[in-house]
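Chemist: So I've got this file, model_38.txt, and it contains compact mmCIF, C-alpha atoms:
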# COMPACT_ATOMS: atom_id res chain seq x y z
CA MET A 1 38.68 -36.87 68.47
CA PRO A 2 40.84 -39.53 70.20
CA ASP A 3 41.53 -39.53 73.96
CA VAL A 4 45.26 -38.98 73.34
CA LEU A 5 45.70 -35.61 71.67
CA ASP A 6 48.35 -36.39 69.10
CA VAL A 7 49.29 -33.32 67.05
CA THR A 8 52.17 -34.93 65.15
CA PRO A 9 53.61 -33.67 62.78
CA TYR A 10 52.96 -30.15 64.08
CA ASP A 11 55.14 -28.44 66.66
CA ALA A 12 53.46 -25.02 67.01
CA LEU A 13 50.27 -23.03 66.46
CA LEU A 14 50.38 -19.48 65.10
CA LEU A 15 47.51 -17.10 65.85
CA LEU A 16 47.46 -14.83 62.81
CA SER A 17 45.44 -11.63 63.05
CA PHE A 18 44.97 -8.22 61.46
CA GLY A 19 46.59 -6.06 64.11
CA GLY A 20 45.68 -2.62 65.34
CA PRO A 21 47.16 0.56 66.84
CA GLU A 22 47.84 0.73 70.56
CA GLY A 23 48.10 4.51 70.92
CA PRO A 24 47.40 7.77 69.03
CA ASP A 25 50.88 7.87 67.48
CA ASP A 26 50.31 4.41 65.99
CA VAL A 27 47.12 5.20 64.09
CA VAL A 28 48.43 6.72 60.85
CA PRO A 29 51.44 4.36 60.56
CA PHE A 30 49.06 1.43 61.09
CA LEU A 31 46.72 2.69 58.37
CA GLU A 32 49.71 3.19 56.08
CA ASN A 33 50.52 -0.49 56.58
CA VAL A 34 46.94 -1.52 55.83
CA THR A 35 46.70 0.59 52.66
CA ARG A 36 50.27 0.22 51.39
CA GLY A 37 50.45 0.37 47.59
CA ARG A 38 47.09 2.09 47.14
CA GLY A 39 48.44 5.66 47.03
CA ILE A 40 46.10 7.03 49.71
CA PRO A 41 47.26 10.47 50.95
CA LYS A 42 48.25 10.83 54.60
CA GLU A 43 45.56 13.49 55.12
CA ARG A 44 42.91 10.99 54.06
CA LEU A 45 44.36 8.43 56.46
CA LYS A 46 44.09 10.96 59.28
CA GLU A 47 40.39 11.35 58.44
CA VAL A 48 39.87 7.59 58.51
CA GLY A 49 41.84 7.42 61.75
CA GLN A 50 39.20 9.49 63.54
CA HIS A 51 37.39 6.23 64.29
CA TYR A 52 40.42 5.16 66.31
CA PHE A 53 40.98 8.55 67.90
CA LEU A 54 37.46 8.36 69.36
CA PHE A 55 38.80 5.44 71.41
CA GLY A 56 42.10 7.05 72.41
CA GLY A 57 43.89 5.76 69.30
CA VAL A 58 43.71 2.21 70.64
CA SER A 59 42.14 -0.70 68.79
CA PRO A 60 40.79 -3.37 71.13
CA ILE A 61 41.88 -6.16 68.80
CA ASN A 62 45.34 -6.67 70.31
CA ASP A 63 44.02 -7.07 73.85
CA GLN A 64 41.36 -9.40 72.51
CA ASN A 65 44.03 -11.51 70.84
CA ARG A 66 45.99 -11.60 74.09
CA ALA A 67 42.85 -12.89 75.81
CA LEU A 68 42.40 -15.52 73.10
CA LEU A 69 46.04 -16.57 73.40
CA ASP A 70 45.54 -17.02 77.14
CA ALA A 71 42.36 -19.03 76.57
CA LEU A 72 44.06 -21.28 74.01
CA ARG A 73 47.08 -21.92 76.22
CA LYS A 74 44.87 -22.73 79.22
CA ASP A 75 42.67 -25.04 77.18
CA PHE A 76 45.64 -26.85 75.64
CA ALA A 77 47.35 -27.27 79.01
CA GLY A 78 44.12 -28.44 80.62
CA HIS A 79 43.75 -31.18 78.03
CA GLY A 80 47.34 -32.34 77.97
CA LEU A 81 48.05 -30.79 74.58
CA ASP A 82 51.72 -29.76 74.51
CA LEU A 83 51.69 -27.28 71.64
CA PRO A 84 53.22 -23.79 71.98
CA VAL A 85 51.07 -20.94 70.71
CA TYR A 86 52.61 -17.88 69.02
CA TRP A 87 50.98 -14.67 67.80
CA GLY A 88 51.70 -12.55 64.75
CA ASN A 89 49.83 -9.71 62.98
CA ARG A 90 49.59 -8.68 59.37
CA ASN A 91 49.62 -4.92 59.96
CA TRP A 92 51.03 -4.12 63.40
CA ALA A 93 53.29 -5.46 66.14
CA PRO A 94 53.87 -8.26 66.80
CA TYR A 95 54.48 -8.47 63.06
CA LEU A 96 54.03 -11.79 61.30
CA THR A 97 57.57 -11.84 59.89
CA ASP A 98 59.09 -11.21 63.32
CA THR A 99 57.00 -13.98 64.86
CA LEU A 100 57.93 -16.48 62.15
CA ARG A 101 61.57 -15.52 62.60
CA GLU A 102 61.20 -16.25 66.33
CA MET A 103 59.54 -19.57 65.56
CA ALA A 104 62.34 -20.55 63.19
CA ALA A 105 64.91 -19.66 65.84
CA ASP A 106 62.98 -21.84 68.31
CA GLY A 107 63.27 -24.75 65.92
CA ARG A 108 59.62 -24.89 64.85
CA ARG A 109 59.38 -26.76 61.54
CA ARG A 110 55.67 -27.62 61.08
CA VAL A 111 53.30 -24.82 61.99
CA LEU A 112 49.52 -24.69 62.03
CA VAL A 113 47.93 -21.28 61.48
CA LEU A 114 44.69 -20.04 63.04
CA ALA A 115 43.47 -16.93 61.21
CA THR A 116 41.04 -14.64 63.02
CA SER A 117 38.67 -14.84 60.07
CA ALA A 118 36.14 -17.65 59.92
CA TYR A 119 34.91 -17.40 56.32
CA ALA A 120 36.14 -17.81 52.76
CA SER A 121 37.09 -14.66 50.82
CA TYR A 122 40.16 -12.97 49.40
CA SER A 123 40.52 -10.58 52.35
CA GLY A 124 39.54 -13.21 54.90
CA CYS A 125 41.74 -16.06 53.68
CA ARG A 126 43.96 -15.69 50.64
CA GLN A 127 45.35 -12.33 51.73
CA TYR A 128 46.45 -13.95 55.00
CA ARG A 129 48.11 -16.67 52.92
CA GLU A 130 49.85 -14.06 50.76
CA ASN A 131 51.21 -12.36 53.87
CA LEU A 132 52.49 -15.74 55.07
CA ALA A 133 54.28 -16.24 51.74
CA ASP A 134 55.84 -12.77 51.95
CA ALA A 135 57.08 -13.44 55.49
CA LEU A 136 58.49 -16.85 54.56
CA ALA A 137 60.26 -15.31 51.56
CA THR A 138 61.92 -12.82 53.91
CA LEU A 139 63.13 -15.63 56.17
CA GLU A 140 64.42 -17.54 53.16
CA ALA A 141 66.34 -14.47 51.96
CA GLU A 142 67.91 -14.20 55.41
CA GLY A 143 69.19 -17.76 55.11
CA LEU A 144 66.89 -19.14 57.81
CA GLU A 145 65.31 -22.57 57.67
CA VAL A 146 61.75 -21.86 56.56
CA PRO A 147 59.05 -23.74 58.48
CA ARG A 148 56.17 -25.34 56.62
CA VAL A 149 52.88 -23.66 57.46
CA ASP A 150 49.37 -25.10 57.11
CA LYS A 151 46.21 -23.12 57.74
CA LEU A 152 43.33 -24.53 59.78
CA ARG A 153 40.11 -24.93 57.82
CA HIS A 154 37.31 -22.38 57.96
CA TYR A 155 35.45 -22.76 61.22
CA PHE A 156 32.32 -20.71 60.56
CA ASN A 157 29.99 -23.67 61.25
CA HIS A 158 31.88 -25.32 64.09
CA PRO A 159 29.63 -25.50 67.17
CA GLY A 160 32.33 -23.77 69.24
CA PHE A 161 31.89 -20.72 67.00
CA VAL A 162 28.11 -20.86 66.47
CA GLU A 163 26.90 -21.62 69.99
CA PRO A 164 28.50 -18.61 71.76
CA MET A 165 26.93 -16.31 69.16
CA ALA A 166 23.51 -17.87 69.71
CA ASP A 167 23.93 -17.27 73.44
CA GLY A 168 24.81 -13.67 72.69
CA VAL A 169 21.65 -13.10 70.68
CA VAL A 170 19.49 -14.67 73.38
CA ALA A 171 21.13 -12.42 75.99
CA SER A 172 20.57 -9.33 73.84
CA LEU A 173 16.91 -10.19 73.30
CA ALA A 174 16.52 -10.47 77.07
CA GLU A 175 17.91 -6.93 77.43
CA LEU A 176 15.17 -5.45 75.22
CA PRO A 177 12.01 -4.05 76.81
CA GLU A 178 9.51 -6.86 77.27
CA ASP A 179 6.85 -5.23 75.09
CA VAL A 180 9.11 -5.27 71.98
CA ARG A 181 11.13 -8.41 72.67
CA ASP A 182 9.04 -11.05 70.90
CA GLY A 183 8.71 -8.94 67.75
CA ALA A 184 12.40 -8.09 67.54
CA HIS A 185 14.19 -8.56 64.22
CA ILE A 186 17.72 -10.01 64.09
CA ALA A 187 20.17 -8.24 61.75
CA PHE A 188 23.12 -10.57 61.21
CA THR A 189 26.04 -8.39 60.16
CA THR A 190 29.34 -9.01 58.45
CA HIS A 191 31.98 -7.01 56.62
CA SER A 192 30.86 -5.84 53.19
CA ILE A 193 33.25 -6.74 50.38
CA PRO A 194 33.15 -6.03 46.63
CA THR A 195 30.56 -8.22 44.92
CA ALA A 196 33.28 -9.42 42.53
CA SER A 197 35.30 -10.71 45.50
CA ALA A 198 32.23 -12.37 47.00
CA ASP A 199 31.36 -14.04 43.69
CA THR A 200 34.82 -15.65 43.46
CA SER A 201 35.14 -16.66 47.12
CA GLY A 202 35.72 -20.30 47.99
CA PRO A 203 36.90 -23.11 45.69
CA ALA A 204 36.47 -22.37 41.98
CA GLU A 205 33.78 -25.02 41.55
CA GLU A 206 31.65 -23.21 44.14
CA HIS A 207 31.94 -19.76 42.58
CA GLY A 208 28.65 -18.09 41.73
CA ASP A 209 26.55 -15.17 42.90
CA GLY A 210 27.85 -14.31 46.36
CA GLY A 211 30.23 -17.28 46.31
CA ALA A 212 31.13 -19.13 49.49
CA TYR A 213 31.33 -15.86 51.44
CA VAL A 214 27.60 -15.14 51.26
CA ARG A 215 26.59 -18.81 51.40
CA GLN A 216 28.58 -19.46 54.57
CA HIS A 217 27.23 -16.37 56.33
CA LEU A 218 23.65 -17.25 55.44
CA GLU A 219 24.20 -20.72 56.86
CA VAL A 220 25.56 -19.36 60.14
CA ALA A 221 22.70 -16.86 60.38
CA ARG A 222 20.22 -19.71 59.92
CA LEU A 223 21.99 -21.87 62.50
CA VAL A 224 21.99 -19.06 65.06
CA ALA A 225 18.37 -18.12 64.34
CA ASP A 226 17.30 -21.76 64.74
CA ALA A 227 19.18 -22.00 68.04
CA VAL A 228 17.55 -18.80 69.28
CA ARG A 229 14.12 -20.16 68.42
CA GLU A 230 14.84 -23.40 70.27
CA ARG A 231 16.06 -21.55 73.37
CA THR A 232 13.39 -18.83 73.51
CA GLY A 233 10.38 -20.49 71.89
CA THR A 234 10.00 -17.46 69.61
CA GLU A 235 10.56 -17.27 65.86
CA HIS A 236 12.41 -14.03 65.11
CA PRO A 237 12.63 -12.73 61.53
CA TRP A 238 16.19 -12.15 60.37
CA GLN A 239 18.33 -10.92 57.49
CA LEU A 240 22.01 -10.90 56.58
CA VAL A 241 23.25 -7.32 56.21
CA TYR A 242 26.62 -5.65 55.80
CA GLN A 243 28.82 -3.02 57.39
CA SER A 244 32.22 -1.33 57.19
CA ARG A 245 32.26 -0.64 53.46
CA SER A 246 35.48 1.18 52.54
CA GLY A 247 35.70 1.06 48.75
CA ALA A 248 35.20 3.56 45.94
CA PRO A 249 31.52 4.50 45.39
CA HIS A 250 31.49 3.26 41.76
CA ILE A 251 32.50 -0.31 42.73
CA PRO A 252 29.55 -2.55 43.71
CA TRP A 253 29.80 -3.91 47.26
CA LEU A 254 27.52 -6.26 49.15
CA GLU A 255 24.35 -4.59 50.47
CA PRO A 256 22.22 -3.59 52.36
CA ASP A 257 24.27 -1.54 54.79
CA ILE A 258 23.27 -1.93 58.44
CA CYS A 259 22.21 1.71 58.83
CA ASP A 260 20.02 1.56 55.71
CA HIS A 261 18.60 -1.71 57.00
CA LEU A 262 17.68 -0.17 60.35
CA GLU A 263 15.82 2.61 58.54
CA GLU A 264 13.97 0.12 56.36
CA ARG A 265 13.02 -2.11 59.31
CA HIS A 266 11.81 0.91 61.28
CA ALA A 267 9.69 2.06 58.34
CA ALA A 268 8.22 -1.45 58.13
CA GLY A 269 7.08 -1.23 61.74
CA VAL A 270 9.61 -3.55 63.36
CA PRO A 271 9.58 -2.74 67.12
CA ALA A 272 13.25 -3.57 67.89
CA VAL A 273 16.44 -4.99 66.36
CA VAL A 274 19.29 -7.12 67.65
CA MET A 275 22.49 -6.58 65.67
CA ALA A 276 24.47 -9.83 65.64
CA PRO A 277 28.01 -9.46 64.20
CA ILE A 278 28.48 -13.05 63.03
CA GLY A 279 31.21 -12.06 60.58
CA PHE A 280 33.67 -11.07 63.31
CA VAL A 281 35.62 -13.16 65.79
CA SER A 282 36.01 -10.39 68.38
CA ASP A 283 34.64 -6.97 69.34
CA HIS A 284 37.29 -5.00 67.49
CA MET A 285 37.10 -1.49 66.04
CA GLU A 286 34.67 -2.21 63.21
CA VAL A 287 32.23 -3.63 65.74
CA LEU A 288 32.75 -0.85 68.29
CA TYR A 289 32.49 1.99 65.79
CA ASP A 290 30.25 0.77 62.96
CA LEU A 291 27.72 -0.95 65.22
CA ASP A 292 28.06 0.37 68.78
CA THR A 293 28.63 3.97 67.67
CA GLU A 294 27.33 4.69 64.17
CA ALA A 295 24.46 2.20 63.79
CA THR A 296 23.34 2.64 67.39
CA ALA A 297 23.23 6.42 66.92
CA ARG A 298 21.10 5.99 63.79
CA ALA A 299 18.70 3.72 65.67
CA ARG A 300 18.47 6.28 68.45
CA GLU A 301 17.53 8.96 65.90
CA LEU A 302 14.79 6.66 64.61
CA GLY A 303 13.54 5.82 68.08
CA LEU A 304 14.23 2.15 67.36
CA PRO A 305 15.35 0.02 70.33
CA VAL A 306 18.51 -1.91 69.41
CA ARG A 307 20.98 -4.17 71.14
CA ARG A 308 24.27 -5.56 69.84
CA SER A 309 25.12 -9.16 70.69
CA ALA A 310 28.61 -10.36 71.56
CA THR A 311 31.16 -12.00 69.31
CA VAL A 312 32.85 -15.24 70.38
CA GLY A 313 36.07 -13.53 71.53
CA ALA A 314 37.94 -15.72 74.00
CA ASP A 315 34.94 -17.90 74.88
CA ALA A 316 36.11 -21.24 76.28
CA ARG A 317 34.00 -23.08 73.68
CA PHE A 318 35.87 -21.33 70.90
CA ALA A 319 39.21 -22.26 72.44
CA ALA A 320 38.00 -25.85 72.62
CA ALA A 321 36.95 -25.64 68.95
CA VAL A 322 40.47 -24.57 68.01
CA ARG A 323 41.88 -27.54 69.92
CA ASP A 324 39.47 -29.78 68.01
CA LEU A 325 40.56 -28.29 64.67
CA VAL A 326 44.24 -28.72 65.54
CA VAL A 327 43.86 -32.39 66.45
CA GLU A 328 41.65 -32.96 63.40
CA ARG A 329 44.15 -31.44 60.97
CA ALA A 330 47.06 -33.35 62.51
CA ALA A 331 45.16 -36.61 62.01
CA VAL A 332 44.49 -35.67 58.38
CA GLU A 333 48.20 -35.02 57.84
CA ARG A 334 49.00 -38.44 59.27
CA GLY A 335 46.60 -40.02 56.79
CA GLN A 336 44.00 -41.05 59.33
CA ASP A 337 40.25 -41.06 58.77
CA VAL A 338 38.55 -38.25 60.65
CA THR A 339 35.00 -37.00 61.02
CA PRO A 340 35.27 -33.21 61.08
CA CYS A 341 32.85 -31.41 63.38
CA ALA A 342 30.47 -29.05 61.59
CA LEU A 343 26.86 -27.94 61.99
CA GLY A 344 24.30 -27.45 59.25
CA ALA A 345 23.95 -28.35 55.61
CA LEU A 346 27.27 -27.11 54.21
CA GLY A 347 29.43 -29.57 56.13
CA PRO A 348 33.07 -29.04 57.02
CA SER A 349 35.17 -26.74 54.87
CA HIS A 350 38.12 -27.97 52.80
CA GLN A 351 41.35 -28.70 54.68
CA VAL A 352 43.61 -27.20 51.99
CA CYS A 353 42.82 -24.16 49.84
CA THR A 354 42.72 -25.25 46.21
CA VAL A 355 44.26 -23.52 43.21
CA GLY A 356 41.87 -20.77 42.18
CA CYS A 357 40.32 -20.54 45.66
CA CYS A 358 39.47 -16.88 46.48
CA PRO A 359 41.69 -15.63 43.61
CA ALA A 360 43.93 -12.63 44.11
CA ARG A 361 43.20 -9.30 42.48
CA SER A 362 46.65 -9.62 40.93
CA PRO A 363 48.63 -12.87 41.06
CA ARG A 364 50.86 -13.18 44.15
CA PRO A 365 52.38 -16.22 45.87
CA ALA A 366 50.31 -17.60 48.74
CA ALA A 367 51.47 -20.09 51.36
CA ALA A 368 49.45 -22.78 53.13
CA GLY A 369 47.52 -23.94 50.08
CA ALA A 370 47.71 -26.25 47.09
CA ASP A 371 49.58 -23.55 45.17
CA SER A 372 52.07 -22.77 47.96
CA PRO A 373 55.72 -22.33 46.95
CA TYR A 374 56.64 -23.55 50.46
CA ALA A 375 54.88 -26.93 50.53
Spell out the structure here as C-alpha cells.
Modeler:
Amino acid sequence: MPDVLDVTPYDALLLLSFGGPEGPDDVVPFLENVTRGRGIPKERLKEVGQHYFLFGGVSPINDQNRALLDALRKDFAGHGLDLPVYWGNRNWAPYLTDTLREMAADGRRRVLVLATSAYASYSGCRQYRENLADALATLEAEGLEVPRVDKLRHYFNHPGFVEPMADGVVASLAELPEDVRDGAHIAFTTHSIPTASADTSGPAEEHGDGGAYVRQHLEVARLVADAVRERTGTEHPWQLVYQSRSGAPHIPWLEPDICDHLEERHAAGVPAVVMAPIGFVSDHMEVLYDLDTEATARARELGLPVRRSATVGADARFAAAVRDLVVERAAVERGQDVTPCALGALGPSHQVCTVGCCPARSPRPAAAGADSPYA
C-alpha cells in the first residue's frame, strides 16, 4: 500500500452486520425480523429465544460492533485516513436502511461496505447484498439520491484475520493441563449451512462439492494450524467441523456437528480439544451458546478437557487489515495496479461478486456486485 492513503473515489465506510437484541423485550421481535417470510409461529420463536434469555436477552454482537467501530476509527485516524465509518444492521437497530438514509443526508455518494462475514456463501455474502439492494430501493422510493455501494472482498485469508486466531489457539493450548496439551486436537468450527448452499458458494466456475465456503474454511484452518505448529513446535491434529444448524431435519447440512465431533474424538482417545471458531468475526451468541455453553457442557459430561479460542473481534491487526482492504479497493477503482495481501494457496478473493456468485434461493436484486441494479 502507498504511503499516502488515498481512498478516492470513496467517501465513507459502512460496517454491515447481522444485529442482535439488546434486552428481553427485543428477542422475539428480533427473531421475527430474522425469520420474516418463513411462517414460523411466535411460540416457536420464543423457544429459540431461550438461548438469548440465558444471557439476559442481550446479544453481545452489538457491543462487539461498537468496539470494532472504535478500533476502525482509531486506526484510520492514527494513519491519516480521513474516512467516516457508519454502522448498520440487517435485523436490528441501527437498521441498514436508516443508516443509508443518514449517509445520503450527509452527502455520501460512494460507499465501501465491510460485512462481518469473512467467507463466500449465500447467507454470508449475497444475502447482505440483497439487504443492501432492498435498502437502496427504499431510499430511491423516498426520492433520495442513492449512493453507490461496493463491498470489500472476502478477507478470510488476510493476515490481519488469520494471525489473531492463531494467537488465540496458542493461548488456549497454554490453558490446558500440561499432561494433555501436546496431544490436544484442534476443532475448527464454523456455521453449518445446507450442503446445496455450500456447493454453490463462490463464483460459478468454482462451484463443486462444498464450493468456496468449505474450501476457504479448510484453507484458514490449515493456515492457523501451520502457525500454531511454528509457534509451539508441536503438530496438532485438526478437523473442520460445524455448529449452529437451524434447518429442517430432512435437508442435508454440513457435518459433523461439534458436539458429535467431541464424542467421536473422546472415543478415539484424544486427551483434549481446543475449539477454534474460525467462521466467526466476533464472540457473538452462536459462539457463546453453541460452544461456550452447549459444546462445553457435552465435553464436561465426557470428561474431555476443552478450551475455546478467541475470535478476532476488535483486534488492532484486524482493524489494520480493514484499512488495507479499503486502500486496496480504492486503488482498484482508480485503475491502478495493486498486489492484494493474502496468505496461502487460494490467493486474494475477487473484488466484485460475479453474476451467479452464491446464487439466491429465489431470484432477488442484489447490490454491490456485477448484477447490481445500482451500479
Chemist: How many Å separate atom CA of Tyr242 of chain A from atom CA of Tyr128 of chain A?
Modeler: 21.5 Å
Chemist: If we count all atoms listed in the file and set the cut-off at 10 Å, which residues sit around Arg323 of chain A, ignoring sequence neighbours fewer than 5 positions away in its own chain? Please answer as a ChimeraX atom specification.
Modeler: /A:1,5,7,72-73,75-76,79,81,83,317-318,328
Chemist: Which residue is closest to Ala198 of chain A? Choose from A:Ala345, A:Ala225, A:Ala316, A:Leu254 and count all atoms listed in the file.
Modeler: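 Smallest distance to Ala198 of chain A is found for A:Leu254.
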Chemist: Within 10 Å of (5.6, -13.0, 67.4), all atoms listed in the file: residues as a PyMOL selection string?
Modeler: chain A and resi 180-184+233-237
Chemist: If I take atom CA of Leu325 of chain A and atom CA of Arg153 of chain A, how far is one from the other in Å, to one decimal?
Modeler: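 Distance reported for this atom pair: 7.6 Å.
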Chemist: Looking at A:Pro277, A:Pro9, A:Gly269, A:Gly247, which one is nearest to Val326 of chain A, with distances taken over only C-alpha atoms?
Modeler: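 Smallest distance to Val326 of chain A is found for A:Pro9.
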